[in-house]
$ cat model11.csv   # CSV, C-alpha atoms
chain,number,residue,atom,x,y,z
A,1,MET,CA,-29.4,42.5,67.4
A,2,GLU,CA,-27.6,44.6,64.8
A,3,SER,CA,-30.3,44.0,62.1
A,4,THR,CA,-33.1,44.8,64.5
A,5,ASN,CA,-31.5,48.1,65.4
A,6,ILE,CA,-31.2,49.0,61.8
A,7,ILE,CA,-34.9,48.4,61.3
A,8,ILE,CA,-35.7,50.6,64.3
A,9,ASN,CA,-33.5,53.4,63.1
A,10,THR,CA,-35.1,53.3,59.7
A,11,GLU,CA,-38.6,53.5,61.0
A,12,MET,CA,-37.8,56.3,63.4
A,13,ASN,CA,-36.2,58.4,60.6
A,14,GLU,CA,-39.1,57.9,58.3
A,15,ASN,CA,-41.9,58.5,60.8
A,16,ASP,CA,-40.7,61.2,63.2
A,17,ASP,CA,-44.2,62.5,63.8
A,18,ASN,CA,-45.9,59.8,65.9
A,19,ASN,CA,-46.0,56.2,64.7
A,20,HIS,CA,-42.5,54.7,65.1
A,21,ASP,CA,-43.7,51.8,67.2
A,22,LEU,CA,-46.8,51.1,65.1
A,23,GLN,CA,-44.8,50.9,61.8
A,24,LEU,CA,-42.0,48.8,63.4
A,25,SER,CA,-44.6,46.5,64.9
A,26,VAL,CA,-46.2,45.9,61.5
A,27,ILE,CA,-42.9,45.2,59.9
A,28,LEU,CA,-41.9,42.7,62.5
A,29,GLU,CA,-45.4,41.0,62.5
A,30,GLN,CA,-45.5,40.7,58.7
A,31,GLN,CA,-41.9,39.8,58.1
A,32,PRO,CA,-40.8,37.5,60.9
A,33,LEU,CA,-38.1,36.0,58.7
A,34,LEU,CA,-36.2,39.2,59.1
A,35,GLN,CA,-35.5,38.2,62.7
A,36,THR,CA,-33.3,35.4,63.9
A,37,GLU,CA,-34.2,33.5,67.0
A,38,THR,CA,-31.6,35.6,68.9
A,39,GLN,CA,-33.0,38.9,67.7
A,40,THR,CA,-36.6,37.8,68.7
A,41,GLN,CA,-35.4,36.9,72.2
A,42,THR,CA,-33.6,40.2,72.5
A,43,LEU,CA,-36.7,42.1,71.5
A,44,TRP,CA,-38.8,40.5,74.2
A,45,ARG,CA,-36.1,41.3,76.8
A,46,HIS,CA,-37.2,44.9,76.7
A,47,LEU,CA,-40.3,44.0,78.6
A,48,PRO,CA,-38.6,44.4,82.1
A,49,LEU,CA,-38.5,48.1,81.4
A,50,LEU,CA,-42.1,48.1,82.7
A,51,PHE,CA,-40.7,47.7,86.2
A,52,ARG,CA,-39.4,51.2,86.0
A,53,SER,CA,-42.9,52.5,86.1
A,54,ASN,CA,-43.6,54.5,89.3
A,55,SER,CA,-47.3,53.4,89.6
A,56,LYS,CA,-49.9,50.9,88.4
A,57,GLU,CA,-51.8,53.8,86.8
A,58,SER,CA,-49.0,54.6,84.5
A,59,LEU,CA,-48.9,51.0,83.3
A,60,ASP,CA,-52.7,51.2,82.7
A,61,PHE,CA,-52.1,54.3,80.7
A,62,ILE,CA,-49.4,52.7,78.5
A,63,LEU,CA,-51.6,49.8,77.5
A,64,GLN,CA,-54.7,51.9,77.0
A,65,SER,CA,-52.8,54.4,74.9
A,66,LEU,CA,-51.4,51.6,72.7
A,67,TRP,CA,-54.9,50.3,72.2
A,68,ARG,CA,-56.4,53.7,71.6
A,69,THR,CA,-53.7,54.4,68.9
A,70,ARG,CA,-53.8,51.0,67.3
A,71,LYS,CA,-54.6,52.6,63.9
A,72,THR,CA,-52.6,55.8,64.1
A,73,GLY,CA,-49.6,55.3,66.3
A,74,LEU,CA,-48.8,57.2,69.5
A,75,ASP,CA,-48.5,61.0,69.2
A,76,ALA,CA,-45.6,63.0,70.6
A,77,SER,CA,-47.4,63.8,73.8
A,78,ASP,CA,-48.3,60.2,74.7
A,79,ARG,CA,-44.7,59.1,73.8
A,80,ARG,CA,-43.3,61.7,76.1
A,81,ILE,CA,-45.6,60.7,79.0
A,82,ILE,CA,-44.6,57.1,78.6
A,83,ARG,CA,-40.9,57.8,78.4
A,84,ASP,CA,-41.1,59.9,81.5
A,85,SER,CA,-43.0,57.2,83.4
A,86,LEU,CA,-40.5,54.6,82.5
A,87,GLN,CA,-37.5,56.9,82.9
A,88,LEU,CA,-36.3,56.4,79.4
A,89,GLU,CA,-34.3,59.1,77.5
A,90,THR,CA,-35.1,58.4,73.8
A,91,ASP,CA,-37.6,56.8,71.5
A,92,PHE,CA,-34.9,54.4,70.5
A,93,ASP,CA,-35.1,52.9,74.0
A,94,LEU,CA,-38.9,53.0,74.0
A,95,ASP,CA,-39.9,51.6,70.6
A,96,PRO,CA,-38.9,47.9,71.1
A,97,LEU,CA,-40.9,47.8,74.3
A,98,LEU,CA,-44.0,49.2,72.6
A,99,VAL,CA,-43.6,46.7,69.8
A,100,CYS,CA,-43.7,43.8,72.3
A,101,LEU,CA,-46.8,45.2,74.0
A,102,ARG,CA,-48.6,45.8,70.7
A,103,LYS,CA,-47.9,42.2,69.7
A,104,LEU,CA,-49.3,40.9,73.0
A,105,ILE,CA,-52.4,43.1,72.8
A,106,ARG,CA,-53.2,41.9,69.3
A,107,ARG,CA,-52.9,38.3,70.4
A,108,CYS,CA,-55.2,38.8,73.3
A,109,VAL,CA,-57.8,40.7,71.4
A,110,TYR,CA,-57.9,39.0,67.9
A,111,ASP,CA,-56.8,35.4,68.6
A,112,ASN,CA,-60.0,34.4,70.4
A,113,ILE,CA,-58.1,33.8,73.6
A,114,SER,CA,-60.0,33.6,76.9
A,115,LYS,CA,-58.8,35.3,80.1
A,116,ASP,CA,-57.5,32.0,81.5
A,117,GLN,CA,-55.5,31.5,78.3
A,118,ILE,CA,-53.7,34.8,78.3
A,119,PRO,CA,-50.6,33.4,80.1
A,120,LYS,CA,-50.1,31.2,77.0
A,121,VAL,CA,-49.5,34.2,74.7
A,122,PHE,CA,-46.1,34.9,76.2
A,123,PRO,CA,-42.9,33.5,74.6
A,124,ASP,CA,-40.7,31.4,76.9
A,125,GLU,CA,-38.1,34.1,77.0
A,126,VAL,CA,-40.4,36.5,78.9
A,127,LEU,CA,-39.6,36.4,82.6
A,128,PRO,CA,-42.2,34.9,84.9
A,129,GLU,CA,-42.7,38.0,86.9
A,130,ILE,CA,-43.3,40.1,83.8
A,131,GLN,CA,-45.8,37.4,82.6
A,132,ARG,CA,-47.7,37.7,85.9
A,133,LEU,CA,-47.8,41.5,85.7
A,134,LEU,CA,-48.9,41.7,82.1
A,135,THR,CA,-51.4,38.9,82.5
A,136,LEU,CA,-53.3,40.9,85.2
A,137,LEU,CA,-53.3,44.0,83.0
A,138,LEU,CA,-54.3,42.2,79.8
A,139,GLN,CA,-57.1,40.4,81.7
A,140,LYS,CA,-58.3,43.7,83.0
A,141,PHE,CA,-58.7,45.3,79.5
A,142,GLN,CA,-59.4,42.3,77.2
A,143,SER,CA,-63.2,42.4,77.4
A,144,GLU,CA,-63.3,46.2,76.8
A,145,TRP,CA,-61.0,46.0,73.8
A,146,GLN,CA,-62.9,43.1,72.3
A,147,ASN,CA,-66.1,45.1,72.6
A,148,ASP,CA,-64.4,48.0,70.8
A,149,VAL,CA,-63.6,45.6,67.9
A,150,LEU,CA,-67.2,44.5,67.7
A,151,LYS,CA,-68.3,48.2,67.7
A,152,ASP,CA,-65.9,49.0,64.9
A,153,LYS,CA,-67.2,46.1,62.8
A,154,GLY,CA,-70.8,46.9,63.4
A,155,SER,CA,-70.6,50.7,62.8
A,156,LEU,CA,-71.9,51.5,59.4
A,157,PRO,CA,-71.0,54.8,57.6
A,158,ARG,CA,-73.6,57.6,57.5
A,159,LEU,CA,-74.5,59.7,54.6
A,160,LYS,CA,-72.9,63.2,54.9
A,161,ALA,CA,-73.8,64.7,51.5
A,162,MET,CA,-75.0,63.9,48.0
A,163,THR,CA,-74.4,65.7,44.7
A,164,TRP,CA,-75.6,64.8,41.3
A,165,ASN,CA,-75.6,66.0,37.7
A,166,MET,CA,-76.9,64.8,34.3
A,167,ALA,CA,-75.0,62.4,32.1
A,168,ASN,CA,-75.5,61.7,28.3
A,169,GLN,CA,-77.3,65.0,27.8
A,170,ASP,CA,-75.7,65.5,24.4
A,171,SER,CA,-76.0,61.9,23.2
A,172,GLU,CA,-79.0,60.9,21.0
A,173,VAL,CA,-78.2,57.2,21.5
A,174,ALA,CA,-77.5,56.8,25.1
A,175,GLU,CA,-80.3,56.9,27.6
A,176,PRO,CA,-80.3,60.0,29.8
A,177,ALA,CA,-79.1,59.2,33.3
A,178,ALA,CA,-78.1,61.0,36.5
A,179,VAL,CA,-74.6,60.6,38.0
A,180,ILE,CA,-74.9,60.4,41.8
A,181,ASN,CA,-72.0,61.1,44.1
A,182,LEU,CA,-72.4,60.1,47.7
A,183,LYS,CA,-70.1,61.3,50.5
A,184,LEU,CA,-70.0,58.8,53.4
A,185,GLN,CA,-68.7,59.5,56.9
A,186,SER,CA,-67.3,56.6,58.9
A,187,ASP,CA,-67.3,57.3,62.7
A,188,THR,CA,-65.7,54.6,64.7
A,189,GLN,CA,-63.8,54.7,67.9
A,190,SER,CA,-60.5,54.0,66.2
A,191,LEU,CA,-61.0,55.8,62.9
A,192,SER,CA,-62.9,58.7,61.4
A,193,ARG,CA,-62.7,59.2,57.6
A,194,GLU,CA,-64.8,60.2,54.6
A,195,GLN,CA,-65.4,58.0,51.5
A,196,GLU,CA,-67.0,58.9,48.2
A,197,VAL,CA,-69.1,56.6,46.0
A,198,LYS,CA,-70.1,57.6,42.5
A,199,PHE,CA,-72.7,55.7,40.3
A,200,GLN,CA,-75.0,56.2,37.3
A,201,LEU,CA,-78.8,56.1,37.8
A,202,PRO,CA,-81.2,55.8,34.8
A,203,LYS,CA,-84.8,56.9,35.2
A,204,ASP,CA,-86.3,53.5,35.6
A,205,THR,CA,-83.9,52.6,38.4
A,206,LEU,CA,-84.5,56.0,40.0
A,207,GLU,CA,-88.2,55.4,40.2
A,208,THR,CA,-87.6,51.9,41.8
A,209,MET,CA,-85.3,53.5,44.3
A,210,LEU,CA,-87.8,56.2,45.2
A,211,LYS,CA,-90.5,53.7,45.8
A,212,SER,CA,-88.2,51.9,48.2
A,213,MET,CA,-87.3,55.1,49.9
A,214,HIS,CA,-90.9,56.0,50.4
A,215,SER,CA,-91.4,52.5,52.0
A,216,ILE,CA,-88.5,53.1,54.3
A,217,ARG,CA,-89.8,56.5,55.2
A,218,ASN,CA,-93.2,55.1,56.1
A,219,GLN,CA,-91.7,52.4,58.3
A,220,LEU,CA,-89.5,54.9,60.1
A,221,SER,CA,-92.6,57.1,60.6
A,222,ASP,CA,-94.4,54.2,62.2
A,223,ILE,CA,-91.6,53.5,64.6
A,224,GLY,CA,-91.2,57.1,65.7
A,225,ASP,CA,-93.1,58.6,68.6
A,226,THR,CA,-93.9,61.9,66.9
A,227,PRO,CA,-95.7,62.7,63.7
A,228,ASP,CA,-93.3,62.8,60.7
A,229,LYS,CA,-93.0,66.3,59.2
A,230,PRO,CA,-90.3,68.0,57.1
A,231,VAL,CA,-87.8,70.1,59.0
A,232,ASN,CA,-87.1,72.3,56.0
A,233,GLN,CA,-89.6,73.9,53.6
A,234,LYS,CA,-87.5,73.0,50.5
A,235,THR,CA,-87.0,69.2,49.9
A,236,SER,CA,-87.3,66.7,52.8
A,237,VAL,CA,-87.0,63.0,52.6
A,238,GLY,CA,-90.8,62.8,52.1
A,239,ASP,CA,-90.6,65.0,49.0
A,240,LEU,CA,-88.1,63.0,47.1
A,241,GLY,CA,-90.7,61.7,44.7
A,242,GLY,CA,-90.7,65.2,43.1
A,243,LEU,CA,-87.1,64.7,42.1
A,244,ALA,CA,-88.1,61.9,39.7
A,245,THR,CA,-89.3,64.6,37.3
A,246,ASP,CA,-87.0,67.3,38.5
A,247,LEU,CA,-83.9,65.3,37.6
A,248,TRP,CA,-84.7,65.4,34.0
A,249,MET,CA,-85.0,69.2,33.8
A,250,PRO,CA,-82.0,70.9,32.2
A,251,ALA,CA,-79.4,71.9,34.8
A,252,SER,CA,-75.6,72.0,34.9
A,253,ASP,CA,-75.4,70.7,38.5
A,254,ARG,CA,-77.7,70.3,41.4
A,255,SER,CA,-76.9,69.1,44.9
A,256,LEU,CA,-78.6,67.4,47.8
A,257,VAL,CA,-77.1,68.0,51.2
A,258,VAL,CA,-78.1,66.6,54.6
A,259,ILE,CA,-79.1,69.3,57.1
A,260,ASN,CA,-80.5,68.3,60.5
A,261,GLY,CA,-81.2,64.8,59.2
A,262,CYS,CA,-83.2,65.9,56.2
A,263,TRP,CA,-82.5,66.1,52.5
A,264,ASN,CA,-82.4,69.7,51.1
A,265,GLN,CA,-82.1,70.5,47.4
A,266,LYS,CA,-79.9,73.4,46.3
A,267,PHE,CA,-80.0,75.0,42.9

$ encode --input "model11.csv" --output "structure tokens"
Amino acid sequence: MESTNIIINTEMNENDDNNHDLQLSVILEQQPLLQTETQTQTLWRHLPLLFRSNSKESLDFILQSLWRTRKTGLDASDRRIIRDSLQLETDFDLDPLLVCLRKLIRRCVYDNISKDQIPKVFPDEVLPEIQRLLTLLLQKFQSEWQNDVLKDKGSLPRLKAMTWNMANQDSEVAEPAAVINLKLQSDTQSLSREQEVKFQLPKDTLETMLKSMHSIRNQLSDIGDTPDKPVNQKTSVGDLGGLATDLWMPASDRSLVVINGCWNQKF
């Protein structure tokens, strides 16, 4: 019990903003040898705190909040609501309970467990009445959470912006090339972030790429219900062919940005 308390205190001191329970949960999941059998049993004995809840809705809120914040940790507002609903005074009292619930949620969602198998995820030291309560709640949300995981896996990043400049301009030996920098935006239910990808593009590769993009454009036009036409009078997706020559004109830096779904060239 003493070692477990030390870990909890360390995590709370280093992560006062919002993710005490998430960080602690990761530590206990990845380093199970830190826990003796007695400490593990003590951790699960925090689950009866759920009986302090004053309503079924508050229990729903606790589980849904833990799932919603599975990548970020609970914020101060959510933690305060959960503490109040369970009549707990400090985060020190709350964190071990949240760790247990996160462990159970992960097992139900990621371990390919059917609804009928959910009772098997509970350790023997969990009281039967707690098992029955949490089984009903986990069965209620399991399908929804698993669908969220599938959406996260199937959600591809979208192109937010593109910049480029010339490379090897002063070299007589190296072939001239364009350095392309793509900014990608990942929009999933659990995480939203930007990512940059940079690569070099020689002229022959550029021409091949443009042919492929023209083919993609034509297929998208065939699928659409309305005639394809540029939204902007500068450079739209359909005008990218002109960039094959334009890229080799002297310039310190040019940019392509996405506006209303179209490419637009800025000088």

$ atom_distance --input "model11.csv" --atom1 "CA of Ala177 in chain A" --atom2 "CA of Ala161 in chain A"
19.7 Å

$ closest_residue --input "model11.csv" --among "A:Ser221, A:Thr205, A:Thr42, A:Gln195" --to "Pro96 in chain A" --atoms "all atoms listed in the file"
A:Thr42

$ closest_residue --input "model11.csv" --among "A:Asn54, A:Ser212, A:Ile180, A:Leu98" --to "Gly73 in chain A" --atoms "all atoms listed in the file"
A:Leu98

$ residues_around --input "model11.csv" --residues "Ser58 in chain A" --least-positions-apart "2" --cutoff "10 Å" --atoms "all atoms listed in the file" --output "VMD selection string"
chain A and resid 50 53 to 56 60 to 64 81 to 82 84 to 86

$ residues_around --input "model11.csv" --residues "range 119-129 of chain A" --least-positions-apart "5" --cutoff "12 Å" --atoms "all atoms listed in the file" --output "ChimeraX atom specification"
/A:37-51,100-101,103-114,134-139

$ write_last_selection --input "model11.csv" --atoms "C-alpha atoms" --output "PDB file, in the frame of the given file"
ATOM      1  CA  GLU A  37     -34.200  33.500  67.000  1.00  0.00           C
ATOM      2  CA  THR A  38     -31.600  35.600  68.900  1.00  0.00           C
ATOM      3  CA  GLN A  39     -33.000  38.900  67.700  1.00  0.00           C
ATOM      4  CA  THR A  40     -36.600  37.800  68.700  1.00  0.00           C
ATOM      5  CA  GLN A  41     -35.400  36.900  72.200  1.00  0.00           C
ATOM      6  CA  THR A  42     -33.600  40.200  72.500  1.00  0.00           C
ATOM      7  CA  LEU A  43     -36.700  42.100  71.500  1.00  0.00           C
ATOM      8  CA  TRP A  44     -38.800  40.500  74.200  1.00  0.00           C
ATOM      9  CA  ARG A  45     -36.100  41.300  76.800  1.00  0.00           C
ATOM     10  CA  HIS A  46     -37.200  44.900  76.700  1.00  0.00           C
ATOM     11  CA  LEU A  47     -40.300  44.000  78.600  1.00  0.00           C
ATOM     12  CA  PRO A  48     -38.600  44.400  82.100  1.00  0.00           C
ATOM     13  CA  LEU A  49     -38.500  48.100  81.400  1.00  0.00           C
ATOM     14  CA  LEU A  50     -42.100  48.100  82.700  1.00  0.00           C
ATOM     15  CA  PHE A  51     -40.700  47.700  86.200  1.00  0.00           C
ATOM     16  CA  CYS A 100     -43.700  43.800  72.300  1.00  0.00           C
ATOM     17  CA  LEU A 101     -46.800  45.200  74.000  1.00  0.00           C
ATOM     18  CA  LYS A 103     -47.900  42.200  69.700  1.00  0.00           C
ATOM     19  CA  LEU A 104     -49.300  40.900  73.000  1.00  0.00           C
ATOM     20  CA  ILE A 105     -52.400  43.100  72.800  1.00  0.00           C
ATOM     21  CA  ARG A 106     -53.200  41.900  69.300  1.00  0.00           C
ATOM     22  CA  ARG A 107     -52.900  38.300  70.400  1.00  0.00           C
ATOM     23  CA  CYS A 108     -55.200  38.800  73.300  1.00  0.00           C
ATOM     24  CA  VAL A 109     -57.800  40.700  71.400  1.00  0.00           C
ATOM     25  CA  TYR A 110     -57.900  39.000  67.900  1.00  0.00           C
ATOM     26  CA  ASP A 111     -56.800  35.400  68.600  1.00  0.00           C
ATOM     27  CA  ASN A 112     -60.000  34.400  70.400  1.00  0.00           C
ATOM     28  CA  ILE A 113     -58.100  33.800  73.600  1.00  0.00           C
ATOM     29  CA  SER A 114     -60.000  33.600  76.900  1.00  0.00           C
ATOM     30  CA  LEU A 134     -48.900  41.700  82.100  1.00  0.00           C
ATOM     31  CA  THR A 135     -51.400  38.900  82.500  1.00  0.00           C
ATOM     32  CA  LEU A 136     -53.300  40.900  85.200  1.00  0.00           C
ATOM     33  CA  LEU A 137     -53.300  44.000  83.000  1.00  0.00           C
ATOM     34  CA  LEU A 138     -54.300  42.200  79.800  1.00  0.00           C
ATOM     35  CA  GLN A 139     -57.100  40.400  81.700  1.00  0.00           C
TER      36      GLN A 139
END

$ closest_residue --input "model11.csv" --among "A:Gln169, A:Thr163, A:Gln219, A:Gln142" --to "Glu196 in chain A" --atoms "all atoms listed in the file"
A:Thr163

$ atom_distance --input "model11.csv" --atom1 "CA of Lys151 in chain A" --atom2 "CA of Leu133 in chain A"
28.1 Å

$ atom_distance --input "model11.csv" --atom1 "CA of Pro202 in chain A" --atom2 "CA of Asn181 in chain A"
14.1 Å

$ decode --input "model11.csv" --residues "range 120-132 of chain A" --atoms "all heavy atoms" --output "PDB file, in the first residue's frame"
ATOM      1  N   LYS A 120     -15.964 -11.512 -17.016  1.00  0.00           N
ATOM      2  CA  LYS A 120     -14.686 -12.199 -16.831  1.00  0.00           C
ATOM      3  C   LYS A 120     -13.507 -11.238 -16.700  1.00  0.00           C
ATOM      4  O   LYS A 120     -12.396 -11.666 -16.347  1.00  0.00           O
ATOM      5  CB  LYS A 120     -14.438 -13.157 -17.998  1.00  0.00           C
ATOM      6  CG  LYS A 120     -15.474 -14.265 -18.116  1.00  0.00           C
ATOM      7  CD  LYS A 120     -15.162 -15.168 -19.297  1.00  0.00           C
ATOM      8  CE  LYS A 120     -16.215 -16.271 -19.436  1.00  0.00           C
ATOM      9  NZ  LYS A 120     -15.936 -17.160 -20.596  1.00  0.00           N
ATOM     10  N   VAL A 121     -13.708  -9.968 -16.997  1.00  0.00           N
ATOM     11  CA  VAL A 121     -12.585  -9.018 -16.933  1.00  0.00           C
ATOM     12  C   VAL A 121     -12.301  -8.584 -15.501  1.00  0.00           C
ATOM     13  O   VAL A 121     -11.258  -7.980 -15.236  1.00  0.00           O
ATOM     14  CB  VAL A 121     -12.856  -7.768 -17.808  1.00  0.00           C
ATOM     15  CG1 VAL A 121     -13.195  -8.163 -19.221  1.00  0.00           C
ATOM     16  CG2 VAL A 121     -13.933  -6.878 -17.203  1.00  0.00           C
ATOM     17  N   PHE A 122     -13.200  -8.882 -14.570  1.00  0.00           N
ATOM     18  CA  PHE A 122     -13.022  -8.420 -13.190  1.00  0.00           C
ATOM     19  C   PHE A 122     -12.122  -9.376 -12.407  1.00  0.00           C
ATOM     20  O   PHE A 122     -12.324 -10.591 -12.447  1.00  0.00           O
ATOM     21  CB  PHE A 122     -14.371  -8.305 -12.483  1.00  0.00           C
ATOM     22  CG  PHE A 122     -15.290  -7.295 -13.082  1.00  0.00           C
ATOM     23  CD1 PHE A 122     -16.280  -7.677 -13.973  1.00  0.00           C
ATOM     24  CD2 PHE A 122     -15.169  -5.948 -12.778  1.00  0.00           C
ATOM     25  CE1 PHE A 122     -17.134  -6.752 -14.536  1.00  0.00           C
ATOM     26  CE2 PHE A 122     -16.016  -5.012 -13.331  1.00  0.00           C
ATOM     27  CZ  PHE A 122     -16.995  -5.407 -14.220  1.00  0.00           C
ATOM     28  N   PRO A 123     -11.163  -8.852 -11.671  1.00  0.00           N
ATOM     29  CA  PRO A 123     -10.371  -9.694 -10.772  1.00  0.00           C
ATOM     30  C   PRO A 123     -11.252 -10.268  -9.671  1.00  0.00           C
ATOM     31  O   PRO A 123     -12.326  -9.737  -9.363  1.00  0.00           O
ATOM     32  CB  PRO A 123      -9.336  -8.716 -10.194  1.00  0.00           C
ATOM     33  CG  PRO A 123      -9.312  -7.555 -11.131  1.00  0.00           C
ATOM     34  CD  PRO A 123     -10.700  -7.449 -11.691  1.00  0.00           C
ATOM     35  N   ASP A 124     -10.793 -11.338  -9.069  1.00  0.00           N
ATOM     36  CA  ASP A 124     -11.586 -12.014  -8.038  1.00  0.00           C
ATOM     37  C   ASP A 124     -11.852 -11.118  -6.835  1.00  0.00           C
ATOM     38  O   ASP A 124     -12.857 -11.299  -6.135  1.00  0.00           O
ATOM     39  CB  ASP A 124     -10.869 -13.294  -7.579  1.00  0.00           C
ATOM     40  CG  ASP A 124     -10.787 -14.334  -8.681  1.00  0.00           C
ATOM     41  OD1 ASP A 124     -11.611 -14.266  -9.616  1.00  0.00           O
ATOM     42  OD2 ASP A 124      -9.878 -15.193  -8.611  1.00  0.00           O
ATOM     43  N   GLU A 125     -10.933 -10.169  -6.588  1.00  0.00           N
ATOM     44  CA  GLU A 125     -11.097  -9.339  -5.383  1.00  0.00           C
ATOM     45  C   GLU A 125     -12.180  -8.279  -5.526  1.00  0.00           C
ATOM     46  O   GLU A 125     -12.505  -7.593  -4.551  1.00  0.00           O
ATOM     47  CB  GLU A 125      -9.771  -8.667  -5.003  1.00  0.00           C
ATOM     48  CG  GLU A 125      -9.105  -7.895  -6.123  1.00  0.00           C
ATOM     49  CD  GLU A 125      -8.097  -8.754  -6.871  1.00  0.00           C
ATOM     50  OE1 GLU A 125      -8.250  -9.993  -6.857  1.00  0.00           O
ATOM     51  OE2 GLU A 125      -7.149  -8.191  -7.440  1.00  0.00           O
ATOM     52  N   VAL A 126     -12.751  -8.114  -6.712  1.00  0.00           N
ATOM     53  CA  VAL A 126     -13.834  -7.145  -6.902  1.00  0.00           C
ATOM     54  C   VAL A 126     -15.134  -7.740  -6.378  1.00  0.00           C
ATOM     55  O   VAL A 126     -15.513  -8.855  -6.753  1.00  0.00           O
ATOM     56  CB  VAL A 126     -13.984  -6.751  -8.385  1.00  0.00           C
ATOM     57  CG1 VAL A 126     -15.149  -5.784  -8.567  1.00  0.00           C
ATOM     58  CG2 VAL A 126     -12.696  -6.134  -8.891  1.00  0.00           C
ATOM     59  N   LEU A 127     -15.821  -7.015  -5.538  1.00  0.00           N
ATOM     60  CA  LEU A 127     -17.047  -7.513  -4.920  1.00  0.00           C
ATOM     61  C   LEU A 127     -18.104  -7.843  -5.977  1.00  0.00           C
ATOM     62  O   LEU A 127     -18.221  -7.150  -6.997  1.00  0.00           O
ATOM     63  CB  LEU A 127     -17.607  -6.467  -3.954  1.00  0.00           C
ATOM     64  CG  LEU A 127     -16.723  -6.119  -2.752  1.00  0.00           C
ATOM     65  CD1 LEU A 127     -17.345  -4.981  -1.952  1.00  0.00           C
ATOM     66  CD2 LEU A 127     -16.503  -7.342  -1.886  1.00  0.00           C
ATOM     67  N   PRO A 128     -18.904  -8.875  -5.770  1.00  0.00           N
ATOM     68  CA  PRO A 128     -19.910  -9.281  -6.756  1.00  0.00           C
ATOM     69  C   PRO A 128     -20.899  -8.175  -7.107  1.00  0.00           C
ATOM     70  O   PRO A 128     -21.282  -8.019  -8.273  1.00  0.00           O
ATOM     71  CB  PRO A 128     -20.620 -10.460  -6.075  1.00  0.00           C
ATOM     72  CG  PRO A 128     -19.615 -11.009  -5.124  1.00  0.00           C
ATOM     73  CD  PRO A 128     -18.826  -9.829  -4.644  1.00  0.00           C
ATOM     74  N   GLU A 129     -21.318  -7.395  -6.115  1.00  0.00           N
ATOM     75  CA  GLU A 129     -22.288  -6.342  -6.407  1.00  0.00           C
ATOM     76  C   GLU A 129     -21.675  -5.246  -7.288  1.00  0.00           C
ATOM     77  O   GLU A 129     -22.358  -4.661  -8.134  1.00  0.00           O
ATOM     78  CB  GLU A 129     -22.845  -5.734  -5.115  1.00  0.00           C
ATOM     79  CG  GLU A 129     -21.797  -5.252  -4.135  1.00  0.00           C
ATOM     80  CD  GLU A 129     -21.428  -6.313  -3.115  1.00  0.00           C
ATOM     81  OE1 GLU A 129     -21.402  -7.509  -3.481  1.00  0.00           O
ATOM     82  OE2 GLU A 129     -21.167  -5.941  -1.949  1.00  0.00           O
ATOM     83  N   ILE A 130     -20.370  -4.995  -7.115  1.00  0.00           N
ATOM     84  CA  ILE A 130     -19.679  -4.034  -7.988  1.00  0.00           C
ATOM     85  C   ILE A 130     -19.556  -4.613  -9.392  1.00  0.00           C
ATOM     86  O   ILE A 130     -19.717  -3.905 -10.400  1.00  0.00           O
ATOM     87  CB  ILE A 130     -18.280  -3.707  -7.424  1.00  0.00           C
ATOM     88  CG1 ILE A 130     -18.401  -2.887  -6.150  1.00  0.00           C
ATOM     89  CG2 ILE A 130     -17.453  -2.948  -8.454  1.00  0.00           C
ATOM     90  CD1 ILE A 130     -18.911  -1.484  -6.371  1.00  0.00           C
ATOM     91  N   GLN A 131     -19.260  -5.895  -9.472  1.00  0.00           N
ATOM     92  CA  GLN A 131     -19.161  -6.542 -10.784  1.00  0.00           C
ATOM     93  C   GLN A 131     -20.477  -6.438 -11.545  1.00  0.00           C
ATOM     94  O   GLN A 131     -20.485  -6.124 -12.741  1.00  0.00           O
ATOM     95  CB  GLN A 131     -18.778  -8.017 -10.610  1.00  0.00           C
ATOM     96  CG  GLN A 131     -17.365  -8.231 -10.096  1.00  0.00           C
ATOM     97  CD  GLN A 131     -16.953  -9.692 -10.173  1.00  0.00           C
ATOM     98  OE1 GLN A 131     -17.380 -10.420 -11.061  1.00  0.00           O
ATOM     99  NE2 GLN A 131     -16.116 -10.127  -9.235  1.00  0.00           N
ATOM    100  N   ARG A 132     -21.578  -6.663 -10.876  1.00  0.00           N
ATOM    101  CA  ARG A 132     -22.885  -6.590 -11.540  1.00  0.00           C
ATOM    102  C   ARG A 132     -23.176  -5.163 -12.022  1.00  0.00           C
ATOM    103  O   ARG A 132     -23.652  -4.948 -13.148  1.00  0.00           O
ATOM    104  CB  ARG A 132     -23.983  -7.073 -10.590  1.00  0.00           C
ATOM    105  CG  ARG A 132     -23.962  -8.577 -10.360  1.00  0.00           C
ATOM    106  CD  ARG A 132     -25.231  -9.035  -9.660  1.00  0.00           C
ATOM    107  NE  ARG A 132     -25.306  -8.520  -8.274  1.00  0.00           N
ATOM    108  CZ  ARG A 132     -24.822  -9.165  -7.222  1.00  0.00           C
ATOM    109  NH1 ARG A 132     -24.220 -10.332  -7.371  1.00  0.00           N
ATOM    110  NH2 ARG A 132     -24.941  -8.656  -5.999  1.00  0.00           N
TER     111      ARG A 132
END
